[in-house]
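Below is the file protein24.cif, which contains mmCIF, C-alpha atoms and all ligand atoms.
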```
data_entry
#
loop_
_atom_site.group_PDB
_atom_site.id
_atom_site.type_symbol
_atom_site.label_atom_id
_atom_site.label_comp_id
_atom_site.auth_asym_id
_atom_site.auth_seq_id
_atom_site.Cartn_x
_atom_site.Cartn_y
_atom_site.Cartn_z
ATOM 1 C CA MET A 1 -98.880 -78.089 40.049
ATOM 2 C CA VAL A 2 -97.616 -79.667 43.225
ATOM 3 C CA SER A 3 -100.000 -82.426 44.390
ATOM 4 C CA ASP A 4 -101.723 -82.072 47.777
ATOM 5 C CA PHE A 5 -99.579 -84.911 49.091
ATOM 6 C CA ARG A 6 -96.313 -83.200 48.179
ATOM 7 C CA LYS A 7 -97.661 -79.864 49.363
ATOM 8 C CA ASN A 8 -98.396 -81.414 52.787
ATOM 9 C CA LYS A 9 -94.858 -82.728 52.973
ATOM 10 C CA LEU A 10 -93.354 -79.397 51.939
ATOM 11 C CA LEU A 11 -95.421 -77.436 54.451
ATOM 12 C CA TYR A 12 -94.553 -79.887 57.208
ATOM 13 C CA VAL A 13 -90.839 -79.181 56.635
ATOM 14 C CA PHE A 14 -91.549 -75.449 56.388
ATOM 15 C CA LYS A 15 -93.349 -75.405 59.736
ATOM 16 C CA SER A 16 -91.293 -77.907 61.709
ATOM 17 C CA PHE A 17 -87.765 -77.134 60.527
ATOM 18 C CA PHE A 18 -87.622 -73.664 58.985
ATOM 19 C CA ASP A 19 -90.268 -71.387 60.518
ATOM 20 C CA ILE A 20 -88.847 -71.966 63.980
ATOM 21 C CA ASN A 21 -90.554 -68.955 65.585
ATOM 22 C CA GLY A 22 -93.949 -69.814 64.067
ATOM 23 C CA SER A 23 -94.412 -66.447 62.319
ATOM 24 C CA GLY A 24 -95.748 -68.091 59.161
ATOM 25 C CA LYS A 25 -92.687 -66.929 57.168
ATOM 26 C CA ILE A 26 -89.033 -67.894 57.064
ATOM 27 C CA ASP A 27 -86.566 -65.105 57.733
ATOM 28 C CA LYS A 28 -83.148 -64.565 59.332
ATOM 29 C CA THR A 29 -84.648 -64.694 62.852
ATOM 30 C CA ASP A 30 -85.629 -68.309 62.279
ATOM 31 C CA PHE A 31 -82.050 -69.197 61.414
ATOM 32 C CA ASP A 32 -80.754 -67.474 64.566
ATOM 33 C CA GLN A 33 -83.191 -69.571 66.614
ATOM 34 C CA LEU A 34 -82.273 -72.679 64.645
ATOM 35 C CA LEU A 35 -78.609 -72.116 65.516
ATOM 36 C CA ALA A 36 -79.511 -71.827 69.208
ATOM 37 C CA ARG A 37 -81.539 -75.045 69.027
ATOM 38 C CA VAL A 38 -78.840 -76.948 67.189
ATOM 39 C CA SER A 39 -76.265 -75.806 69.742
ATOM 40 C CA LYS A 40 -78.452 -77.302 72.472
ATOM 41 C CA VAL A 41 -78.655 -80.624 70.627
ATOM 42 C CA SER A 42 -75.022 -81.145 69.721
ATOM 43 C CA GLY A 43 -73.105 -78.518 71.649
ATOM 44 C CA TRP A 44 -71.823 -75.386 69.982
ATOM 45 C CA LYS A 45 -69.702 -76.294 66.964
ATOM 46 C CA ALA A 46 -67.512 -73.909 65.025
ATOM 47 C CA GLY A 47 -68.822 -73.750 61.489
ATOM 48 C CA ASP A 48 -72.522 -74.296 62.283
ATOM 49 C CA GLU A 49 -73.226 -70.579 62.087
ATOM 50 C CA GLU A 50 -71.483 -70.247 58.732
ATOM 51 C CA ILE A 51 -73.328 -73.265 57.294
ATOM 52 C CA LEU A 52 -76.695 -71.908 58.439
ATOM 53 C CA ASN A 53 -75.837 -68.465 57.061
ATOM 54 C CA ASN A 54 -75.029 -70.041 53.705
ATOM 55 C CA ILE A 55 -78.286 -72.000 53.720
ATOM 56 C CA TRP A 56 -80.233 -68.816 54.460
ATOM 57 C CA LYS A 57 -78.351 -66.939 51.729
ATOM 58 C CA GLY A 58 -79.239 -69.662 49.222
ATOM 59 C CA LEU A 59 -82.835 -69.901 50.360
ATOM 60 C CA GLN A 60 -83.282 -66.172 49.773
ATOM 61 C CA GLY A 61 -83.350 -66.999 46.064
ATOM 62 C CA ALA A 62 -86.892 -68.223 46.777
ATOM 63 C CA ASP A 63 -87.946 -64.782 48.095
ATOM 64 C CA LEU A 64 -89.622 -63.749 44.856
ATOM 65 C CA ASP A 65 -91.181 -60.487 46.102
ATOM 66 C CA LYS A 66 -87.917 -59.517 47.896
ATOM 67 C CA ASP A 67 -89.566 -58.642 51.202
ATOM 68 C CA GLY A 68 -86.842 -60.409 53.188
ATOM 69 C CA GLU A 69 -89.054 -63.379 54.068
ATOM 70 C CA VAL A 70 -89.935 -66.651 52.378
ATOM 71 C CA SER A 71 -93.700 -67.216 52.545
ATOM 72 C CA GLU A 72 -95.444 -70.588 52.250
ATOM 73 C CA ASP A 73 -96.366 -69.803 48.640
ATOM 74 C CA GLU A 74 -92.791 -68.859 47.781
ATOM 75 C CA TRP A 75 -91.605 -72.074 49.458
ATOM 76 C CA ILE A 76 -94.004 -74.218 47.412
ATOM 77 C CA SER A 77 -93.036 -72.397 44.195
ATOM 78 C CA LEU A 78 -89.394 -73.131 44.907
ATOM 79 C CA TRP A 79 -90.021 -76.883 44.982
ATOM 80 C CA GLU A 80 -92.521 -76.746 42.135
ATOM 81 C CA SER A 81 -89.781 -75.286 39.943
ATOM 82 C CA GLY A 82 -87.699 -78.414 40.563
ATOM 83 C CA SER A 83 -84.888 -76.342 42.002
ATOM 84 C CA THR A 84 -81.815 -78.234 43.155
ATOM 85 C CA ALA A 85 -79.864 -75.321 44.583
ATOM 86 C CA ASP A 86 -76.664 -75.897 46.565
ATOM 87 C CA TRP A 87 -78.257 -74.862 49.856
ATOM 88 C CA GLN A 88 -80.469 -77.949 49.708
ATOM 89 C CA ASN A 89 -77.429 -80.216 49.705
ATOM 90 C CA LEU A 90 -75.889 -78.163 52.494
ATOM 91 C CA TYR A 91 -79.055 -78.532 54.542
ATOM 92 C CA CYS A 92 -79.268 -82.281 53.893
ATOM 93 C CA LYS A 93 -75.690 -82.720 55.070
ATOM 94 C CA PHE A 94 -76.245 -80.453 58.052
ATOM 95 C CA ILE A 95 -79.220 -82.511 59.277
ATOM 96 C CA PHE A 96 -77.375 -85.782 58.703
ATOM 97 C CA GLN A 97 -74.371 -84.591 60.700
ATOM 98 C CA LEU A 98 -76.630 -83.317 63.446
ATOM 99 C CA GLU A 99 -78.255 -86.735 63.675
ATOM 100 C CA ASP A 100 -75.004 -88.691 63.381
ATOM 101 C CA SER A 101 -73.908 -87.798 66.901
ATOM 102 C CA SER A 102 -71.496 -90.764 67.100
ATOM 103 C CA ASN A 103 -69.920 -89.492 63.857
ATOM 104 C CA ASP A 104 -69.578 -92.957 62.276
ATOM 105 C CA GLY A 105 -71.195 -92.043 58.956
ATOM 106 C CA ALA A 106 -74.537 -93.696 59.681
ATOM 107 C CA ILE A 107 -77.547 -92.814 61.818
ATOM 108 C CA ASP A 108 -79.527 -95.109 64.052
ATOM 109 C CA SER A 109 -83.013 -94.818 65.495
ATOM 110 C CA GLU A 110 -81.874 -93.262 68.777
ATOM 111 C CA GLU A 111 -79.762 -90.577 67.061
ATOM 112 C CA PHE A 112 -82.569 -89.824 64.619
ATOM 113 C CA SER A 113 -85.366 -89.586 67.172
ATOM 114 C CA SER A 114 -83.309 -87.575 69.690
ATOM 115 C CA VAL A 115 -82.744 -84.799 67.167
ATOM 116 C CA TYR A 116 -86.389 -84.665 66.149
ATOM 117 C CA ALA A 117 -87.471 -84.637 69.796
ATOM 118 C CA ALA A 118 -85.412 -81.430 70.104
ATOM 119 C CA PHE A 119 -87.549 -80.018 67.279
ATOM 120 C CA GLY A 120 -90.693 -80.730 69.298
ATOM 121 C CA LEU A 121 -91.660 -83.966 67.576
ATOM 122 C CA SER A 122 -92.771 -87.096 69.410
ATOM 123 C CA LYS A 123 -89.799 -89.355 70.016
ATOM 124 C CA THR A 124 -92.021 -92.432 69.734
ATOM 125 C CA GLU A 125 -93.344 -91.302 66.380
ATOM 126 C CA ALA A 126 -89.843 -90.457 65.160
ATOM 127 C CA SER A 127 -88.679 -93.979 66.099
ATOM 128 C CA ALA A 128 -91.587 -95.430 64.111
ATOM 129 C CA ALA A 129 -90.660 -93.162 61.202
ATOM 130 C CA PHE A 130 -87.079 -94.412 61.371
ATOM 131 C CA GLN A 131 -88.225 -98.054 61.103
ATOM 132 C CA LYS A 132 -90.196 -97.207 57.953
ATOM 133 C CA MET A 133 -87.399 -95.136 56.466
ATOM 134 C CA SER A 134 -84.710 -97.764 57.121
ATOM 135 C CA LYS A 135 -87.050 -100.613 56.126
ATOM 136 C CA GLY A 136 -86.261 -102.261 59.449
ATOM 137 C CA LYS A 137 -82.494 -101.877 59.261
ATOM 138 C CA ALA A 138 -80.599 -100.689 62.343
ATOM 139 C CA SER A 139 -78.915 -97.790 60.589
ATOM 140 C CA VAL A 140 -78.960 -95.595 57.499
ATOM 141 C CA THR A 141 -75.731 -94.545 55.790
ATOM 142 C CA TRP A 142 -74.992 -91.106 54.347
ATOM 143 C CA ALA A 143 -75.398 -92.450 50.786
ATOM 144 C CA GLU A 144 -78.796 -93.937 51.638
ATOM 145 C CA PHE A 145 -79.819 -90.798 53.493
ATOM 146 C CA GLN A 146 -79.204 -88.617 50.426
ATOM 147 C CA GLU A 147 -81.420 -90.846 48.264
ATOM 148 C CA LEU A 148 -84.179 -90.901 50.887
ATOM 149 C CA TRP A 149 -83.943 -87.125 51.150
ATOM 150 C CA LYS A 150 -84.447 -86.631 47.414
ATOM 151 C CA GLU A 151 -87.349 -89.042 47.536
ATOM 152 C CA TYR A 152 -89.050 -87.048 50.298
ATOM 153 C CA PHE A 153 -89.238 -83.934 48.166
ATOM 154 C CA SER A 154 -90.145 -85.610 44.893
ATOM 155 C CA THR A 155 -92.154 -88.800 45.350
ATOM 156 C CA GLU A 156 -95.920 -89.119 44.967
ATOM 157 C CA ASP A 157 -95.854 -92.648 46.429
ATOM 158 C CA VAL A 158 -97.254 -92.478 49.989
ATOM 159 C CA ASN A 159 -95.446 -95.695 50.911
ATOM 160 C CA ALA A 160 -91.979 -94.626 49.759
ATOM 161 C CA PRO A 161 -89.431 -94.877 52.621
ATOM 162 C CA GLY A 162 -88.137 -91.350 51.959
ATOM 163 C CA ASN A 163 -91.432 -89.881 53.188
ATOM 164 C CA PHE A 164 -90.402 -90.622 56.773
ATOM 165 C CA ILE A 165 -87.010 -88.895 56.822
ATOM 166 C CA PHE A 166 -88.291 -85.898 58.802
ATOM 167 C CA GLY A 167 -89.626 -88.015 61.664
ATOM 168 C CA LYS A 168 -93.302 -88.096 60.727
ATOM 169 C CA SER A 169 -94.491 -91.699 60.640
ATOM 170 C CA SER A 170 -97.722 -91.418 58.652
ATOM 171 C CA TRP A 171 -99.275 -89.254 55.954
HETATM 172 CA CA CA B 1 -90.547 -67.329 60.989
HETATM 173 CA CA CA B 2 -91.117 -63.071 50.266
#
```
Could you write out this structure as structure tokens?
Ligand SMILES: [Ca+2]
Ligand SMILES: [Ca+2]
Amino acid sequence: MVSDFRKNKLLYVFKSFFDINGSGKIDKTDFDQLLARVSKVSGWKAGDEEILNNIWKGLQGADLDKDGEVSEDEWISLWESGSTADWQNLYCKFIFQLEDSSNDGAIDSEEFSSVYAAFGLSKTEASAAFQKMSKGKASVTWAEFQELWKEYFSTEDVNAPGNFIFGKSSW
């Protein structure tokens, strides 16, 4: 069983970053809208579409009833199973590169909060989340980001820094 705390975290990511059109399910339409949003944030980049297509292809492994959509229950089951499919690494890298707009291999508070503002989050809250995630440091490297990312999806500790990697500053 996934604890309520982890379930809250998983559903937050589902709603804020995957179910872009708010239909309650994730399907290809969400990825088309995600591509449009990402293009607004960082300018259209060759390769973004292919990366997002590959993430969607991988995520379809979670579509247990094969109806072409990933429901909230299917999403929770995916993480409950402890899956570490390739698309998750692709997505982690995609978000990091989106945030690292200066392309120096580390993200700072401004880069982090600007991207999450484009996803409809409060920029002030995202800045607060960054401070918690970085433990007060000015930037977070790619190596650190990957560890924080894993922590987000796995930890039961409400104070763990990884809990703040998606721009939410309190749980
Ligand atoms: Ca949707
Ligand atoms: Ca389904």
Centre and edge lengths, as lines of an AutoDock Vina configuration file, for the axis-aligned box enclosing every listed atom of region 159-162 of chain A with 4 Å of padding on each of the six sides, in Å to one decimal?
```
center_x = -91.8
center_y = -93.5
center_z = 51.2
size_x = 15.3
size_y = 12.3
size_z = 10.9
```
Using only C-alpha atoms and all ligand atoms, what table do you get, as JSON lines, when you list each residue of chain A with an atom no more than 7 Å from ligand CA 2 (chain B), its nearest pair of atoms, and their distance in Å rounded to one decimal, rows by chain then rising number?
```
{"residue": "A:Asp63", "atom": "CA", "partner": "B:CA2", "partner_atom": "CA", "distance": 4.2}
{"residue": "A:Leu64", "atom": "CA", "partner": "B:CA2", "partner_atom": "CA", "distance": 5.7}
{"residue": "A:Asp65", "atom": "CA", "partner": "B:CA2", "partner_atom": "CA", "distance": 4.9}
{"residue": "A:Lys66", "atom": "CA", "partner": "B:CA2", "partner_atom": "CA", "distance": 5.3}
{"residue": "A:Asp67", "atom": "CA", "partner": "B:CA2", "partner_atom": "CA", "distance": 4.8}
{"residue": "A:Gly68", "atom": "CA", "partner": "B:CA2", "partner_atom": "CA", "distance": 5.8}
{"residue": "A:Glu69", "atom": "CA", "partner": "B:CA2", "partner_atom": "CA", "distance": 4.3}
{"residue": "A:Val70", "atom": "CA", "partner": "B:CA2", "partner_atom": "CA", "distance": 4.3}
{"residue": "A:Ser71", "atom": "CA", "partner": "B:CA2", "partner_atom": "CA", "distance": 5.4}
{"residue": "A:Glu74", "atom": "CA", "partner": "B:CA2", "partner_atom": "CA", "distance": 6.5}
```
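Proximity to Leu34 (chain A) was assessed for A:Met133, A:Ala128, A:Val140, A:Ile20 counting all atoms listed in the file; the smallest distance is recorded for A:Ile20.
Among the candidate residues A:Gly24, A:Gly61, A:Gly43, A:Gly167, the one lying nearest to Ser114 (chain A) is A:Gly167, with distances computed using all atoms listed in the file.
For the file at hand, the PyMOL selection byres (((not hetatm)) within 12 of (chain B and resi 1)) resolves to Phe14, Lys15, Ser16, Phe17, Phe18, Asp19, Ile20, Asn21, Gly22, Ser23, Gly24, Lys25, Ile26, Asp27, Lys28, Thr29, Asp30, Phe31, Asp32, Gln33, Leu34, Gly68, Glu69, Val70, Ser71 and Glu72 of chain A.
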I'd like the neighbourhood of region 147-151 of chain A as a PDB file with C-alpha atoms, in the frame of the given file, where a residue qualifies if any of its atoms comes within 10 Å (using only C-alpha atoms), though same-chain residues fewer than 2 positions away should be ignored.
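result29.pdb, freshly written:
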```
ATOM      1  CA  THR A  84     -81.815 -78.234  43.155  1.00  0.00           C
ATOM      2  CA  GLN A  88     -80.469 -77.949  49.708  1.00  0.00           C
ATOM      3  CA  ASN A  89     -77.429 -80.216  49.705  1.00  0.00           C
ATOM      4  CA  CYS A  92     -79.268 -82.281  53.893  1.00  0.00           C
ATOM      5  CA  MET A 133     -87.399 -95.136  56.466  1.00  0.00           C
ATOM      6  CA  SER A 134     -84.710 -97.764  57.121  1.00  0.00           C
ATOM      7  CA  VAL A 140     -78.960 -95.595  57.499  1.00  0.00           C
ATOM      8  CA  TRP A 142     -74.992 -91.106  54.347  1.00  0.00           C
ATOM      9  CA  ALA A 143     -75.398 -92.450  50.786  1.00  0.00           C
ATOM     10  CA  GLU A 144     -78.796 -93.937  51.638  1.00  0.00           C
ATOM     11  CA  PHE A 145     -79.819 -90.798  53.493  1.00  0.00           C
ATOM     12  CA  PHE A 153     -89.238 -83.934  48.166  1.00  0.00           C
ATOM     13  CA  SER A 154     -90.145 -85.610  44.893  1.00  0.00           C
ATOM     14  CA  THR A 155     -92.154 -88.800  45.350  1.00  0.00           C
ATOM     15  CA  GLU A 156     -95.920 -89.119  44.967  1.00  0.00           C
ATOM     16  CA  ASP A 157     -95.854 -92.648  46.429  1.00  0.00           C
ATOM     17  CA  ALA A 160     -91.979 -94.626  49.759  1.00  0.00           C
ATOM     18  CA  PRO A 161     -89.431 -94.877  52.621  1.00  0.00           C
ATOM     19  CA  GLY A 162     -88.137 -91.350  51.959  1.00  0.00           C
ATOM     20  CA  ASN A 163     -91.432 -89.881  53.188  1.00  0.00           C
ATOM     21  CA  PHE A 164     -90.402 -90.622  56.773  1.00  0.00           C
ATOM     22  CA  ILE A 165     -87.010 -88.895  56.822  1.00  0.00           C
ATOM     23  CA  PHE A 166     -88.291 -85.898  58.802  1.00  0.00           C
TER      24      PHE A 166
END
```
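Going from CA of Val13 (chain A) over to CA of Lys135 (chain A), you cover 21.8 Å.
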*To one decimal place, how far is CA of Ala118 (chain A) from CA of Trp171 (chain A) in Å?*
21.3 Å
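Of note, CA of Leu59 (chain A) and CA of Trp87 (chain A) are spaced 6.8 Å apart.
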*Find the residue from A:Glu80, A:Trp44, A:Leu35, A:Asp108 that sits nearest to Trp56 (chain A); use all atoms listed in the file when measuring.*
A:Leu35
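Minimum atom-to-atom distance to Asp104 (chain A), evaluated using all atoms listed in the file, belongs to A:Ser139 out of A:Thr124, A:Gln60, A:Ser77, A:Ser139.
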_Can you translate the PyMOL selection byres (((chain A and resi 111) around 10) and not hetatm) into the concrete residues it hits in this file, as a PyMOL selection string?_
chain A and resi 96+98-102+106-110+112-116+127+139
Convert the current residue selection to file output with C-alpha atoms, as a PDB file, in the coordinates of the input.
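Generated output (result.pdb):
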```
ATOM      1  CA  PHE A  96     -77.375 -85.782  58.703  1.00  0.00           C
ATOM      2  CA  LEU A  98     -76.630 -83.317  63.446  1.00  0.00           C
ATOM      3  CA  GLU A  99     -78.255 -86.735  63.675  1.00  0.00           C
ATOM      4  CA  ASP A 100     -75.004 -88.691  63.381  1.00  0.00           C
ATOM      5  CA  SER A 101     -73.908 -87.798  66.901  1.00  0.00           C
ATOM      6  CA  SER A 102     -71.496 -90.764  67.100  1.00  0.00           C
ATOM      7  CA  ALA A 106     -74.537 -93.696  59.681  1.00  0.00           C
ATOM      8  CA  ILE A 107     -77.547 -92.814  61.818  1.00  0.00           C
ATOM      9  CA  ASP A 108     -79.527 -95.109  64.052  1.00  0.00           C
ATOM     10  CA  SER A 109     -83.013 -94.818  65.495  1.00  0.00           C
ATOM     11  CA  GLU A 110     -81.874 -93.262  68.777  1.00  0.00           C
ATOM     12  CA  PHE A 112     -82.569 -89.824  64.619  1.00  0.00           C
ATOM     13  CA  SER A 113     -85.366 -89.586  67.172  1.00  0.00           C
ATOM     14  CA  SER A 114     -83.309 -87.575  69.690  1.00  0.00           C
ATOM     15  CA  VAL A 115     -82.744 -84.799  67.167  1.00  0.00           C
ATOM     16  CA  TYR A 116     -86.389 -84.665  66.149  1.00  0.00           C
ATOM     17  CA  SER A 127     -88.679 -93.979  66.099  1.00  0.00           C
ATOM     18  CA  SER A 139     -78.915 -97.790  60.589  1.00  0.00           C
TER      19      SER A 139
END
```
Regenerate region 104-120 of chain A at the level of N, CA, C and O atoms and dump it as a PDB file, keeping the file's coordinate frame.
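So the final result, stored in result.pdb, reads:
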```pdb
ATOM      1  N   ASP A 104     -70.097 -91.755  62.950  1.00  0.00           N
ATOM      2  CA  ASP A 104     -69.578 -92.957  62.276  1.00  0.00           C
ATOM      3  C   ASP A 104     -70.105 -93.079  60.843  1.00  0.00           C
ATOM      4  O   ASP A 104     -69.943 -94.121  60.204  1.00  0.00           O
ATOM      5  N   GLY A 105     -70.752 -92.026  60.346  1.00  0.00           N
ATOM      6  CA  GLY A 105     -71.195 -92.043  58.956  1.00  0.00           C
ATOM      7  C   GLY A 105     -72.519 -92.738  58.717  1.00  0.00           C
ATOM      8  O   GLY A 105     -72.925 -92.942  57.574  1.00  0.00           O
ATOM      9  N   ALA A 106     -73.200 -93.100  59.806  1.00  0.00           N
ATOM     10  CA  ALA A 106     -74.537 -93.696  59.681  1.00  0.00           C
ATOM     11  C   ALA A 106     -75.374 -93.238  60.871  1.00  0.00           C
ATOM     12  O   ALA A 106     -74.824 -92.880  61.918  1.00  0.00           O
ATOM     13  N   ILE A 107     -76.689 -93.210  60.698  1.00  0.00           N
ATOM     14  CA  ILE A 107     -77.547 -92.814  61.818  1.00  0.00           C
ATOM     15  C   ILE A 107     -78.413 -93.983  62.252  1.00  0.00           C
ATOM     16  O   ILE A 107     -78.868 -94.774  61.420  1.00  0.00           O
ATOM     17  N   ASP A 108     -78.632 -94.072  63.545  1.00  0.00           N
ATOM     18  CA  ASP A 108     -79.527 -95.109  64.052  1.00  0.00           C
ATOM     19  C   ASP A 108     -80.793 -94.457  64.616  1.00  0.00           C
ATOM     20  O   ASP A 108     -80.921 -93.239  64.636  1.00  0.00           O
ATOM     21  N   SER A 109     -81.709 -95.296  65.056  1.00  0.00           N
ATOM     22  CA  SER A 109     -83.013 -94.818  65.495  1.00  0.00           C
ATOM     23  C   SER A 109     -82.903 -93.841  66.662  1.00  0.00           C
ATOM     24  O   SER A 109     -83.610 -92.825  66.706  1.00  0.00           O
ATOM     25  N   GLU A 110     -82.020 -94.119  67.591  1.00  0.00           N
ATOM     26  CA  GLU A 110     -81.874 -93.262  68.777  1.00  0.00           C
ATOM     27  C   GLU A 110     -81.330 -91.883  68.383  1.00  0.00           C
ATOM     28  O   GLU A 110     -81.841 -90.852  68.840  1.00  0.00           O
ATOM     29  N   GLU A 111     -80.336 -91.854  67.510  1.00  0.00           N
ATOM     30  CA  GLU A 111     -79.762 -90.577  67.061  1.00  0.00           C
ATOM     31  C   GLU A 111     -80.817 -89.754  66.315  1.00  0.00           C
ATOM     32  O   GLU A 111     -80.956 -88.554  66.522  1.00  0.00           O
ATOM     33  N   PHE A 112     -81.530 -90.442  65.450  1.00  0.00           N
ATOM     34  CA  PHE A 112     -82.569 -89.824  64.619  1.00  0.00           C
ATOM     35  C   PHE A 112     -83.680 -89.229  65.493  1.00  0.00           C
ATOM     36  O   PHE A 112     -84.027 -88.059  65.378  1.00  0.00           O
ATOM     37  N   SER A 113     -84.209 -90.044  66.399  1.00  0.00           N
ATOM     38  CA  SER A 113     -85.366 -89.586  67.172  1.00  0.00           C
ATOM     39  C   SER A 113     -84.974 -88.553  68.225  1.00  0.00           C
ATOM     40  O   SER A 113     -85.786 -87.688  68.561  1.00  0.00           O
ATOM     41  N   SER A 114     -83.741 -88.584  68.705  1.00  0.00           N
ATOM     42  CA  SER A 114     -83.309 -87.575  69.690  1.00  0.00           C
ATOM     43  C   SER A 114     -83.284 -86.183  69.064  1.00  0.00           C
ATOM     44  O   SER A 114     -83.686 -85.209  69.691  1.00  0.00           O
ATOM     45  N   VAL A 115     -82.796 -86.099  67.831  1.00  0.00           N
ATOM     46  CA  VAL A 115     -82.744 -84.799  67.167  1.00  0.00           C
ATOM     47  C   VAL A 115     -84.160 -84.277  66.920  1.00  0.00           C
ATOM     48  O   VAL A 115     -84.470 -83.122  67.195  1.00  0.00           O
ATOM     49  N   TYR A 116     -85.040 -85.141  66.444  1.00  0.00           N
ATOM     50  CA  TYR A 116     -86.389 -84.665  66.149  1.00  0.00           C
ATOM     51  C   TYR A 116     -87.168 -84.332  67.418  1.00  0.00           C
ATOM     52  O   TYR A 116     -88.030 -83.447  67.406  1.00  0.00           O
ATOM     53  N   ALA A 117     -86.846 -85.007  68.518  1.00  0.00           N
ATOM     54  CA  ALA A 117     -87.471 -84.637  69.796  1.00  0.00           C
ATOM     55  C   ALA A 117     -87.102 -83.197  70.150  1.00  0.00           C
ATOM     56  O   ALA A 117     -87.921 -82.441  70.673  1.00  0.00           O
ATOM     57  N   ALA A 118     -85.852 -82.800  69.824  1.00  0.00           N
ATOM     58  CA  ALA A 118     -85.412 -81.430  70.104  1.00  0.00           C
ATOM     59  C   ALA A 118     -86.142 -80.411  69.221  1.00  0.00           C
ATOM     60  O   ALA A 118     -86.168 -79.225  69.529  1.00  0.00           O
ATOM     61  N   PHE A 119     -86.743 -80.891  68.139  1.00  0.00           N
ATOM     62  CA  PHE A 119     -87.549 -80.018  67.279  1.00  0.00           C
ATOM     63  C   PHE A 119     -89.033 -80.100  67.655  1.00  0.00           C
ATOM     64  O   PHE A 119     -89.888 -79.653  66.910  1.00  0.00           O
ATOM     65  N   GLY A 120     -89.316 -80.711  68.807  1.00  0.00           N
ATOM     66  CA  GLY A 120     -90.693 -80.730  69.298  1.00  0.00           C
ATOM     67  C   GLY A 120     -91.533 -81.881  68.789  1.00  0.00           C
ATOM     68  O   GLY A 120     -92.742 -81.933  69.015  1.00  0.00           O
TER      69      GLY A 120
END
```
